[in-house]
Amino acid sequence: MAYEKMDWSGEPKKKVVIIGGGIAGALLATIVQNKCDVCLIDPKEYFEIPWANLRSKVDPTVAEKAVINHSEYLTNGRVVTSTAINVTETEVWTSEGRYVPYDYLVIATGHSYVVPRCRRDRLEQFQEDNHKIKSSESILIVGGGPTGVELAAEIAIDYPDKRISLVHNGPRLLEFIGPKAGNKALEWLRSKKVDVLLDQSINLRNISDGDRVYQTSNGDIIKADCYFVCAGKPVGSRWLRQSFLKEFLDRNGRLMVDENFRVGGLKNVFAIGDITDILEQKQGYTAQRHAAIAGKNLKILLKGGRDTKLWKYKGSIQMTMVSLGRKNGVAEFPIATIAGFLPGMIKSKYLFVERTRKQMGLDS
Ligand SMILES: Cc1cc2nc3c(=O)[nH]c(=O)nc-3n(C[C@H](O)[C@H](O)[C@H](O)COP(=O)(O)OP(=O)(O)OC[C@H]3O[C@@H](n4cnc5c(N)ncnc54)[C@H](O)[C@@H]3O)c2cc1C
């Protein structure tokens, strides 16, 4: 393929290229857009609030607010709708045959997953999922992490007559947090008649919605009209393995950053969000804090400020909330794990959609 240089040489300001339009990259682009020439590279034309994703399957009107075209909040920057495939000390190479020069680079490619390129098709996908749920009497959910648990709960509340089976290949639900939270979620799901099977798996290689009969690794038979796979997504750093940044990937494929979010001591390369090797829960609210601090640091550097002035990230308070339908939830705080209405009031009712939109300078 013949590569073409993206021409933004007429622009007088410093060039900041952000790779990845998840919450980390999108928020950072919002923060710095008036201080530099910013270019956001993302395979899709929109940003999507991830924690509204499962509600959008049972109520697709939620997606209307939670799926936001990059052009809506990035009013003073460019969007390149493509996947980054390589990076050098001066430019980013994209899959559609362009190279984009930068003065400062920020990598925010958290996890990689395939979703439609345009917003309209993504909204259509939520409608299709909703139709699938509505037209099924029985539903199989594979995976007992936060996504599987939240989806089972959303369906159990909005469609209480559906028969739901949740199969998880570990000994308890929500293994990414403590056992108390997993047990509370299990208790709640079972109280809503969700059939939860632990320590069992479903062979995903040869299954399709037409099957209707699924066998678990223990030989149990589950009959279901449709299924949803809620498995973890791979870290979005595969494309960096051939690049000059490969030496800064840890063994989990995450980028090693310092307390200013700079990669491997490089002066002009940053990483934020789930892609970083910071030892903390990979969460949207921590990704938002990364974006806020990296934004301040970029502004200092863009004004010619010194390294000693840069803000340092000291970590975030660890708290995790998993919603259980619209009114309940389970939350793990440093001192306690609670379930019921309180986490429900904080997260489950509105899923922080308005707050996230406001942060990005949009109407609620
Ligand atoms: C169902 C669900 C519920 C959640 N609930 C909560 C919650 O309640 N609270 C909370 O704090 N967190 C929650 N999280 C976690 C939170 O969503 C993540 O921690 C957060 O999305 C991480 O943001 P990120 O921008 O770093 O990465 P991501 O959201 O993974 O975004 C990465 C972006 O990079 C793009 N990308 C990947 N590879 C490339 C490439 N090569 N070139 C260009 N672009 C690329 C992707 O398309 C994507 O747009 C939830 C997650 C899920 C899935």
# chains A, B, ... in the order shown; residues from 1 in each chain; ligands from 1
>>> closest_atom_pairs(of="chain A", to="ligand 1", cutoff="7 Å", atoms="only C-alpha atoms and all ligand atoms", output="Markdown table")
| residue | atom | partner | partner_atom_place_in_ligand_line | distance |
| --- | --- | --- | --- | --- |
| A:Ile19 | CA | ligand 1 | 43 (C) | 5.1 |
| A:Gly20 | CA | ligand 1 | 34 (O) | 3.3 |
| A:Gly21 | CA | ligand 1 | 49 (O) | 3.9 |
| A:Gly22 | CA | ligand 1 | 31 (O) | 3.4 |
| A:Ile23 | CA | ligand 1 | 25 (O) | 4.1 |
| A:Ala24 | CA | ligand 1 | 25 (O) | 3.8 |
| A:Gly25 | CA | ligand 1 | 25 (O) | 5.6 |
| A:Ile41 | CA | ligand 1 | 43 (C) | 5.3 |
| A:Asp42 | CA | ligand 1 | 44 (N) | 4.0 |
| A:Pro43 | CA | ligand 1 | 44 (N) | 5.5 |
| A:Lys44 | CA | ligand 1 | 47 (O) | 6.4 |
| A:Phe47 | CA | ligand 1 | 49 (O) | 6.5 |
| A:Pro50 | CA | ligand 1 | 17 (O) | 4.7 |
| A:Trp51 | CA | ligand 1 | 3 (C) | 3.9 |
| A:Asn53 | CA | ligand 1 | 1 (C) | 5.9 |
| A:Leu54 | CA | ligand 1 | 1 (C) | 6.1 |
| A:Ser82 | CA | ligand 1 | 43 (C) | 6.4 |
| A:Thr83 | CA | ligand 1 | 42 (N) | 3.7 |
| A:Ala84 | CA | ligand 1 | 42 (N) | 3.8 |
| A:Ile85 | CA | ligand 1 | 41 (N) | 5.8 |
| A:Ala108 | CA | ligand 1 | 26 (O) | 5.5 |
| A:Thr109 | CA | ligand 1 | 34 (O) | 3.5 |
| A:Gly110 | CA | ligand 1 | 27 (O) | 3.5 |
| A:His111 | CA | ligand 1 | 30 (O) | 3.8 |
| A:Ser112 | CA | ligand 1 | 37 (C) | 4.3 |
| A:Tyr113 | CA | ligand 1 | 47 (O) | 6.4 |
| A:Pro146 | CA | ligand 1 | 1 (C) | 6.4 |
| A:Thr147 | CA | ligand 1 | 1 (C) | 4.5 |
| A:Gly236 | CA | ligand 1 | 38 (N) | 4.7 |
| A:Ser237 | CA | ligand 1 | 38 (N) | 6.9 |
| A:Trp239 | CA | ligand 1 | 41 (N) | 5.9 |
| A:Ile272 | CA | ligand 1 | 26 (O) | 6.4 |
| A:Gly273 | CA | ligand 1 | 26 (O) | 3.3 |
| A:Asp274 | CA | ligand 1 | 26 (O) | 3.9 |
| A:Ile275 | CA | ligand 1 | 26 (O) | 5.9 |
| A:Lys282 | CA | ligand 1 | 19 (O) | 4.7 |
| A:Gln283 | CA | ligand 1 | 19 (O) | 3.3 |
| A:Gly284 | CA | ligand 1 | 11 (O) | 3.4 |
| A:Tyr285 | CA | ligand 1 | 11 (O) | 4.0 |
| A:Thr286 | CA | ligand 1 | 11 (O) | 6.5 |
| A:Ala287 | CA | ligand 1 | 26 (O) | 5.5 |
| A:Thr320 | CA | ligand 1 | 9 (N) | 6.7 |
| A:Met321 | CA | ligand 1 | 8 (O) | 5.6 |
| A:Val322 | CA | ligand 1 | 8 (O) | 6.2 |
| A:Lys347 | CA | ligand 1 | 8 (O) | 6.9 |
>>> residues_around(residues="A:Leu240", least_positions_apart="3", cutoff="8 Å", atoms="only C-alpha atoms", output="list of chain:residue names")
A:Ile85, A:Asn86, A:Val87, A:Ser237, A:Ser243, A:Phe244, A:Leu245, A:Lys246
>>> residues_around(residues="A:Tyr104", least_positions_apart="6", cutoff="12 Å", atoms="only C-alpha atoms", output="ChimeraX atom specification")
/A:13-19,32,36-39,88-92,262-263,266-271,294-295,297-299,301-302
